[in-house]
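Shown next: input_39.txt, given as compact mmCIF, C-alpha atoms.
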# COMPACT_ATOMS: atom_id res chain seq x y z
CA MET A 349 33.91 -40.02 120.20
CA SER A 350 36.59 -38.01 118.38
CA PRO A 351 37.00 -34.38 119.51
CA THR A 352 36.49 -33.14 115.93
CA LEU A 353 33.15 -34.92 115.59
CA ALA A 354 31.92 -33.82 119.02
CA TRP A 355 32.90 -30.18 118.56
CA GLY A 356 31.52 -30.31 115.02
CA LEU A 357 28.15 -31.33 116.43
CA VAL A 358 28.30 -28.66 119.15
CA LEU A 359 29.07 -25.84 116.70
CA GLY A 360 26.82 -27.17 113.94
CA MET A 361 23.89 -27.42 116.33
CA ALA A 362 24.57 -23.94 117.69
CA ILE A 363 24.45 -22.48 114.19
CA THR A 364 21.42 -24.40 112.86
CA ASN A 365 19.36 -23.79 115.99
CA THR A 366 20.09 -20.09 116.15
CA VAL A 367 19.44 -19.58 112.43
CA ILE A 368 16.11 -21.47 112.58
CA ARG A 369 14.99 -19.29 115.50
CA LEU A 370 16.35 -15.95 114.35
CA VAL A 371 15.36 -15.77 110.67
CA PRO A 372 11.57 -15.49 111.14
CA ILE A 373 11.96 -12.98 114.00
CA ALA A 374 14.40 -10.85 112.03
CA ALA A 375 12.30 -10.98 108.84
CA ILE A 376 8.73 -10.75 110.14
CA SER A 377 9.21 -8.21 112.93
CA ARG A 378 9.80 -5.58 110.19
CA LEU A 379 6.70 -6.46 108.18
CA GLU A 380 3.03 -5.61 108.65
CA LEU A 381 1.39 -9.00 108.43
CA PRO A 382 -2.12 -9.34 106.96
CA GLU A 383 -4.93 -10.13 109.39
CA ILE A 384 -5.26 -13.69 108.14
CA ALA A 385 -1.59 -14.40 108.97
CA HIS A 386 -2.13 -13.11 112.50
CA ARG A 387 -5.18 -15.32 112.81
CA TRP A 388 -3.19 -18.35 111.60
CA LEU A 389 -0.31 -17.63 113.96
CA SER A 390 -2.72 -17.19 116.88
CA TYR A 391 -3.68 -20.89 116.60
CA ILE A 392 -0.07 -22.12 116.43
CA PRO A 393 0.78 -22.09 120.18
CA VAL A 394 -2.24 -24.10 121.33
CA SER A 395 -1.91 -26.48 118.38
CA VAL A 396 1.78 -27.16 118.98
CA MET A 397 1.34 -27.61 122.75
CA ALA A 398 -1.60 -29.99 122.28
CA ALA A 399 0.28 -32.01 119.64
CA ILE A 400 3.35 -32.26 121.89
CA VAL A 401 1.30 -33.30 124.93
CA ALA A 402 -0.64 -35.90 122.93
CA THR A 403 2.50 -37.50 121.52
CA GLN A 404 4.46 -37.34 124.78
CA VAL A 405 1.64 -38.83 126.83
CA LEU A 406 0.31 -41.46 124.41
CA ARG A 407 3.61 -42.24 122.67
CA PRO A 408 6.25 -41.79 125.40
CA GLY A 409 9.70 -42.50 123.99
CA GLY A 410 8.16 -42.86 120.52
CA ASN A 411 6.12 -46.02 121.17
CA TRP A 412 2.36 -46.29 121.52
CA MET A 413 1.08 -46.72 125.08
CA LEU A 414 -2.67 -46.92 124.52
CA ARG A 415 -3.43 -48.64 127.80
CA PRO A 416 -5.67 -47.64 130.73
CA ASP A 417 -2.67 -48.08 133.07
CA ASN A 418 -0.43 -45.67 131.12
CA PRO A 419 1.17 -43.63 133.96
CA TYR A 420 1.86 -40.67 131.63
CA LEU A 421 -1.81 -40.44 130.69
CA LEU A 422 -3.09 -40.88 134.25
CA ALA A 423 -0.61 -38.41 135.76
CA SER A 424 -1.62 -35.73 133.25
CA VAL A 425 -5.04 -35.48 134.94
CA PRO A 426 -3.80 -34.21 138.35
CA THR A 427 -1.23 -32.03 136.55
CA ALA A 428 -3.94 -30.30 134.50
CA ILE A 429 -6.29 -29.98 137.47
CA VAL A 430 -3.63 -28.45 139.72
CA TYR A 431 -2.61 -25.96 137.02
CA HIS A 432 -6.22 -25.06 136.23
CA PHE A 433 -7.03 -24.19 139.83
CA THR A 434 -3.72 -22.77 141.06
CA ARG A 435 -2.20 -21.30 137.85
CA SER A 436 1.14 -22.37 139.32
CA PHE A 437 3.57 -24.06 136.91
CA PHE A 438 5.71 -25.24 139.74
CA GLY A 439 2.80 -26.70 141.69
CA ALA A 440 1.50 -28.43 138.57
CA ILE A 441 4.89 -29.96 137.77
CA VAL A 442 5.45 -31.16 141.35
CA ALA A 443 1.94 -32.66 141.43
CA GLY A 444 2.57 -34.25 138.05
CA ILE A 445 5.91 -35.81 138.96
CA LEU A 446 4.68 -37.06 142.35
CA SER A 447 1.57 -38.63 140.85
CA PHE A 448 3.67 -40.07 138.01
CA LEU A 449 6.09 -41.67 140.50
CA ALA A 450 3.21 -43.00 142.61
CA LEU A 451 1.38 -44.41 139.58
CA ARG A 452 4.51 -46.01 138.15
CA TYR A 453 5.15 -47.62 141.53
CA LEU A 454 1.54 -48.82 141.95
CA LEU A 455 1.13 -50.03 138.39
CA GLY A 456 4.48 -51.76 138.37
CA MET B 1265 13.21 -9.13 137.26
CA ARG B 1266 9.59 -9.84 136.43
CA GLY B 1267 10.89 -12.00 133.59
CA ALA B 1268 13.13 -13.99 135.90
CA ARG B 1269 10.13 -14.67 138.16
CA LEU B 1270 8.05 -15.79 135.18
CA GLY B 1271 10.90 -18.00 134.04
CA LEU B 1272 11.62 -19.59 137.44
CA PRO B 1273 9.38 -22.64 136.85
CA ILE B 1274 11.23 -23.23 133.56
CA PHE B 1275 14.55 -23.03 135.42
CA LEU B 1276 13.32 -25.65 137.89
CA VAL B 1277 12.32 -28.02 135.09
CA TYR B 1278 15.39 -27.42 132.93
CA MET B 1279 17.82 -28.20 135.75
CA PRO B 1280 16.94 -31.92 136.09
CA VAL B 1281 16.32 -32.43 132.36
CA GLY B 1282 19.63 -30.65 131.62
CA MET B 1283 21.28 -33.03 134.10
CA ALA B 1284 19.82 -35.93 132.17
CA PHE B 1285 21.35 -34.49 128.99
CA GLY B 1286 24.73 -34.03 130.70
CA LEU B 1287 24.63 -37.69 131.72
CA ALA B 1288 23.54 -38.87 128.27
CA ALA B 1289 26.19 -36.80 126.48
CA THR B 1290 29.07 -37.95 128.68
CA ALA B 1291 27.82 -41.54 128.36
CA ALA B 1292 28.00 -41.08 124.56
CA GLY B 1293 31.64 -39.98 124.83
CA PHE B 1294 31.34 -36.19 125.14
CA THR B 1295 33.67 -34.39 127.54
CA PHE B 1296 32.40 -32.05 130.27
CA ALA B 1297 33.33 -29.02 128.13
CA GLN B 1298 31.64 -30.39 125.01
CA ALA B 1299 28.41 -31.29 126.82
CA THR B 1300 28.19 -27.94 128.61
CA ALA B 1301 29.07 -25.94 125.48
CA CYS B 1302 26.43 -27.89 123.55
CA SER B 1303 23.71 -26.80 125.98
CA ALA B 1304 24.96 -23.23 126.31
CA LEU B 1305 25.23 -22.68 122.56
CA ALA B 1306 22.33 -24.73 121.18
CA LEU B 1307 19.66 -24.75 123.95
CA ALA B 1308 17.79 -27.30 121.87
CA GLY B 1309 16.24 -29.71 124.38
CA ALA B 1310 15.06 -32.82 122.57
CA GLY B 1311 17.18 -31.81 119.57
CA GLN B 1312 20.33 -32.22 121.65
CA PHE B 1313 19.39 -35.67 122.89
CA ILE B 1314 18.63 -36.74 119.34
CA GLY B 1315 21.76 -35.12 117.86
CA VAL B 1316 24.05 -36.81 120.39
CA ALA B 1317 22.32 -40.17 120.00
CA ALA B 1318 22.47 -39.93 116.20
CA LEU B 1319 26.16 -39.02 116.23
CA ALA B 1320 27.03 -41.79 118.70
CA GLY B 1321 25.01 -44.29 116.68
CA SER B 1322 26.10 -43.43 113.15
CA GLY B 1323 29.31 -41.42 113.49
CA ASN B 1324 27.88 -39.27 110.70
CA LEU B 1325 27.97 -35.58 111.57
CA ALA B 1326 25.69 -34.45 108.71
CA ALA B 1327 23.02 -36.99 109.61
CA ALA B 1328 23.14 -35.93 113.26
CA LEU B 1329 22.83 -32.24 112.36
CA ILE B 1330 19.90 -32.89 110.02
CA ALA B 1331 18.16 -34.91 112.74
CA THR B 1332 18.45 -32.11 115.29
CA GLY B 1333 17.49 -29.48 112.71
CA VAL B 1334 14.33 -31.33 111.76
CA VAL B 1335 13.33 -31.82 115.39
CA ASN B 1336 13.70 -28.09 115.92
CA LEU B 1337 11.84 -26.93 112.80
CA ARG B 1338 8.87 -26.06 115.00
CA TYR B 1339 10.92 -23.10 116.20
CA LEU B 1340 10.37 -21.55 112.77
CA LEU B 1341 6.68 -21.40 113.71
CA PHE B 1342 7.36 -20.11 117.23
CA SER B 1343 9.75 -17.48 115.94
CA ALA B 1344 7.22 -16.31 113.35
CA THR B 1345 4.46 -16.20 116.00
CA LEU B 1346 6.60 -14.16 118.38
CA ALA B 1347 7.89 -11.81 115.67
CA PRO B 1348 4.93 -9.36 115.61
CA HIS B 1349 5.56 -8.77 119.35
CA LEU B 1350 9.20 -7.88 118.70
CA LYS B 1351 8.78 -4.85 116.46
CA GLY B 1352 11.37 -2.19 117.22
CA VAL B 1353 13.42 -4.46 119.47
CA PRO B 1354 17.17 -3.92 118.85
CA ARG B 1355 18.92 -6.53 116.75
CA TRP B 1356 21.19 -7.81 119.51
CA GLN B 1357 18.20 -8.39 121.75
CA GLN B 1358 16.34 -10.17 118.93
CA LEU B 1359 19.37 -12.44 118.62
CA LEU B 1360 19.32 -13.14 122.36
CA LEU B 1361 15.57 -13.78 122.36
CA ALA B 1362 15.93 -16.05 119.32
CA HIS B 1363 18.72 -17.99 120.97
CA THR B 1364 16.68 -18.55 124.15
CA LEU B 1365 13.48 -19.44 122.27
CA THR B 1366 12.27 -22.84 123.44
CA ASP B 1367 8.85 -24.45 123.76
CA GLU B 1368 8.65 -23.30 127.36
CA THR B 1369 9.94 -19.74 126.99
CA PHE B 1370 7.70 -19.34 123.96
CA ALA B 1371 4.60 -20.49 125.80
CA VAL B 1372 5.31 -18.34 128.85
CA ASN B 1373 6.08 -15.23 126.77
CA ILE B 1374 3.15 -15.61 124.39
CA ALA B 1375 0.75 -16.13 127.32
CA ASP B 1376 2.21 -13.02 128.95
CA ALA B 1377 1.96 -11.06 125.68
CA ARG B 1378 -1.69 -12.04 125.35
CA VAL B 1379 -2.56 -10.30 128.59
CA GLY B 1380 -0.58 -7.33 127.31
CA ARG B 1381 2.27 -7.50 129.78
CA ALA B 1382 5.26 -9.01 127.95
CA ASP B 1383 7.96 -6.59 126.84
CA ARG B 1384 11.49 -7.14 125.63
CA PHE B 1385 12.90 -6.96 129.15
CA SER B 1386 10.53 -9.52 130.65
CA MET B 1387 11.12 -11.83 127.67
CA THR B 1388 14.88 -11.46 128.05
CA GLY B 1389 14.57 -12.35 131.76
CA VAL B 1390 12.54 -15.46 130.92
CA GLY B 1391 15.12 -16.44 128.30
CA LEU B 1392 18.21 -15.90 130.43
CA ILE B 1393 17.01 -17.77 133.51
CA SER B 1394 15.88 -20.68 131.34
CA TRP B 1395 19.24 -20.74 129.54
CA PHE B 1396 21.00 -20.70 132.90
CA GLY B 1397 18.97 -23.62 134.26
CA TRP B 1398 19.57 -25.75 131.16
CA THR B 1399 23.31 -25.02 131.02
CA LEU B 1400 23.84 -25.39 134.78
CA GLY B 1401 21.90 -28.66 134.84
CA THR B 1402 23.97 -30.02 131.96
CA ALA B 1403 27.22 -29.05 133.70
CA ILE B 1404 26.12 -30.78 136.92
CA GLY B 1405 25.01 -33.89 135.03
CA ALA B 1406 28.22 -34.03 132.98
CA ALA B 1407 30.42 -33.47 136.06
CA ALA B 1408 28.61 -35.96 138.29
CA GLY B 1409 28.39 -38.56 135.58
CA SER B 1410 27.31 -41.95 136.78
CA ALA B 1411 27.40 -40.88 140.47
CA ILE B 1412 23.78 -39.67 140.14
CA GLY B 1413 22.55 -42.89 138.60
CA ASP B 1414 19.55 -43.08 136.33
CA PRO B 1415 17.65 -39.72 136.55
CA SER B 1416 14.42 -41.42 135.45
CA LYS B 1417 14.04 -42.93 138.90
CA TRP B 1418 13.26 -39.41 140.17
CA GLY B 1419 10.41 -39.05 137.72
CA VAL B 1420 12.32 -36.74 135.37
CA ASP B 1421 10.57 -38.50 132.47
CA PHE B 1422 7.39 -36.68 133.40
CA ALA B 1423 8.93 -33.21 134.02
CA MET B 1424 8.66 -32.13 130.36
CA PRO B 1425 5.15 -33.57 129.77
CA ALA B 1426 3.95 -31.94 133.02
CA MET B 1427 5.32 -28.58 131.91
CA PHE B 1428 3.63 -28.87 128.51
CA ILE B 1429 0.33 -29.91 130.09
CA ALA B 1430 0.36 -26.81 132.30
CA LEU B 1431 1.29 -24.65 129.30
CA LEU B 1432 -1.49 -26.19 127.24
CA VAL B 1433 -4.13 -25.64 129.93
CA GLY B 1434 -3.00 -22.00 130.09
CA GLN B 1435 -3.37 -21.62 126.31
CA ILE B 1436 -7.02 -22.70 126.19
CA THR B 1437 -9.14 -19.67 126.94
CA ARG B 1438 -11.73 -19.93 124.16
CA ARG B 1439 -13.74 -22.76 122.62
CA ARG B 1440 -11.97 -22.43 119.26
CA GLU B 1441 -8.59 -22.88 120.93
CA PHE B 1442 -9.84 -26.09 122.49
CA VAL B 1443 -11.01 -27.28 119.06
CA ALA B 1444 -7.66 -26.33 117.48
CA GLY B 1445 -5.76 -28.22 120.18
CA ALA B 1446 -7.93 -31.31 119.92
CA LEU B 1447 -7.57 -31.31 116.14
CA ALA B 1448 -3.79 -30.88 116.29
CA ALA B 1449 -3.48 -33.65 118.90
CA VAL B 1450 -5.47 -36.15 116.83
CA LEU B 1451 -3.65 -35.24 113.62
CA ALA B 1452 -0.22 -35.51 115.26
CA LEU B 1453 -1.05 -38.95 116.67
CA VAL B 1454 -2.39 -40.20 113.33
CA LEU B 1455 0.57 -38.75 111.42
CA SER B 1456 3.05 -40.37 113.80
CA ALA B 1457 2.24 -43.65 112.04
CA TRP B 1458 4.09 -42.32 108.97
CA LEU B 1459 6.28 -39.39 109.99
CA PRO B 1460 9.41 -39.71 112.15
CA GLY B 1461 10.61 -37.56 115.06
CA GLN B 1462 8.83 -34.26 115.66
CA TRP B 1463 7.37 -34.02 112.14
CA PRO B 1464 3.90 -35.17 113.31
CA VAL B 1465 3.83 -32.28 115.80
CA VAL B 1466 4.83 -29.71 113.18
CA ALA B 1467 2.51 -31.09 110.49
CA GLY B 1468 -0.43 -31.55 112.90
CA ALA B 1469 -0.10 -28.00 114.23
CA ILE B 1470 0.16 -26.45 110.75
CA ALA B 1471 -2.88 -28.40 109.53
CA ALA B 1472 -4.96 -27.56 112.62
CA ALA B 1473 -4.09 -23.84 112.49
CA THR B 1474 -4.93 -23.75 108.79
CA VAL B 1475 -8.30 -25.46 109.29
CA MET B 1476 -9.17 -23.05 112.12
CA THR B 1477 -8.15 -20.04 110.01
CA VAL B 1478 -10.22 -20.94 106.95
CA THR B 1479 -13.36 -22.11 108.78
CA PRO B 1480 -15.89 -19.46 109.77
CA ARG B 1481 -15.88 -18.37 113.39

In structure tokens, how does this file's structure come out?
Amino acid sequence: MSPTLAWGLVLGMAITNTVIRLVPIAAISRLELPEIAHRWLSYIPVSVMAAIVATQVLRPGGNWMLRPDNPYLLASVPTAIVYHFTRSFFGAIVAGILSFLALRYLLG
Amino acid sequence: MRGARLGLPIFLVYMPVGMAFGLAATAAGFTFAQATACSALALAGAGQFIGVAALAGSGNLAAALIATGVVNLRYLLFSATLAPHLKGVPRWQQLLLAHTLTDETFAVNIADARVGRADRFSMTGVGLISWFGWTLGTAIGAAAGSAIGDPSKWGVDFAMPAMFIALLVGQITRRREFVAGALAAVLALVLSAWLPGQWPVVAGAIAAATVMTVTPR
């Protein structure tokens, strides 16, 4: 990898990612949005999270894994249960990773 | 300080995933400085993995930058969603909050804002500790190189999904949010048959939010 290309990617990524994230904040935080826009935005977090979880669990690495022995799918159950009852991110992630490792080991 | 406490779980997840990026970047030919600077300046998670892989595969800088930009288009939505909570926040702090805006910091801050507690200081704390975890993890991964071996054997593959599952469970407080999430999940999965990368997530979320907005409550 040539230094020019690598540094080009580093700086290019820094600029694109900051611009993408800053422009809406800078523009919208000065406006009074209509109620319907607030309503629309209020559904964005849950929709994005659910879409990410669905694709990461059922298409890990970008390939379908629609099988009953999918360790990603099975390990999401204890993760969700632990978070629901403890409200602890850390506990949920530890439970998730441990059950994922155990399932991957058991299911081969 | 409250922000740093809220952000601690993110720190703990970003460390190992950042290490995985440090390993992947050095394996693709990046130096320690390039890999660490990439994480410190971009903080783009999946976008970084994809950008580095695209550059190593094609040698085409423009293609790699477009790939990472597309993956991170969802941040336009997050930024717009967070914006109404950032009225009157000084410009430099908006820049800092924008720079540290990720899926995880967004979810933690928006959940905190919903219960009326998030302010610009707590959000800055969440952002800084997350940035630190990601950058530190990358530096460790890039420095250790192959000495660590394959991070997936420690179950790192499930760290991100586990985090998102917890964030999702925390987001669902009403029936309509459950419906929105279910709709977005199904749409994203169906759309992934045609759309590459993170486009199904972006398109599925936009469609689900729109349907929920125009249907009567």

Mind listing as a list of chain:residue names all residues within 10 Å of (2.2, -40.1, 128.3), counting only C-alpha atoms? A:Val401, A:Ala402, A:Thr403, A:Gln404, A:Val405, A:Leu406, A:Arg407, A:Pro408, A:Gly409, A:Trp412, A:Met413, A:Leu414, A:Asn418, A:Pro419, A:Tyr420, A:Leu421, A:Leu422, A:Ala423, A:Ser424, A:Phe448, B:Asp1421, B:Phe1422, B:Pro1425, B:Ala1426

Counting only C-alpha atoms, the residue of A:Ile384, A:Ala399, A:Ala375, A:Ile363 that sits nearest chain B: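 Among the listed residues, the smallest separation from chain B belongs to A:Ala399.
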
Which distance in Å separates CA of Leu449 (chain A) and CA of Val430 (chain A), to one decimal?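 These atoms are spaced 16.4 Å apart.
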
Proximity to Asn1373 (chain B) - best of B:Thr1345, B:Gln1357, B:Thr1399, B:Thr1479, all atoms listed in the file: B:Thr1345

Counting all atoms listed in the file, figure out which residue out of B:Leu1361, B:Leu1431, B:Val1353, B:Ala1347 gets nearest to Leu379 (chain A).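 Smallest distance to Leu379 (chain A) is found for B:Ala1347.
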
Per residue of region 1340-1403 of chain B within 12 Å of region 1450-1470 of chain B, what are the shortest atom pair and its distance in Å to one decimal, counting all atoms listed in the file, with rows by chain and residue number, as CSV?
residue,atom,partner,partner_atom,distance
B:Leu1340,CA,B:Val1466,CA,9.9
B:Leu1341,CA,B:Val1466,CA,8.5
B:Phe1342,CA,B:Val1466,CA,10.7
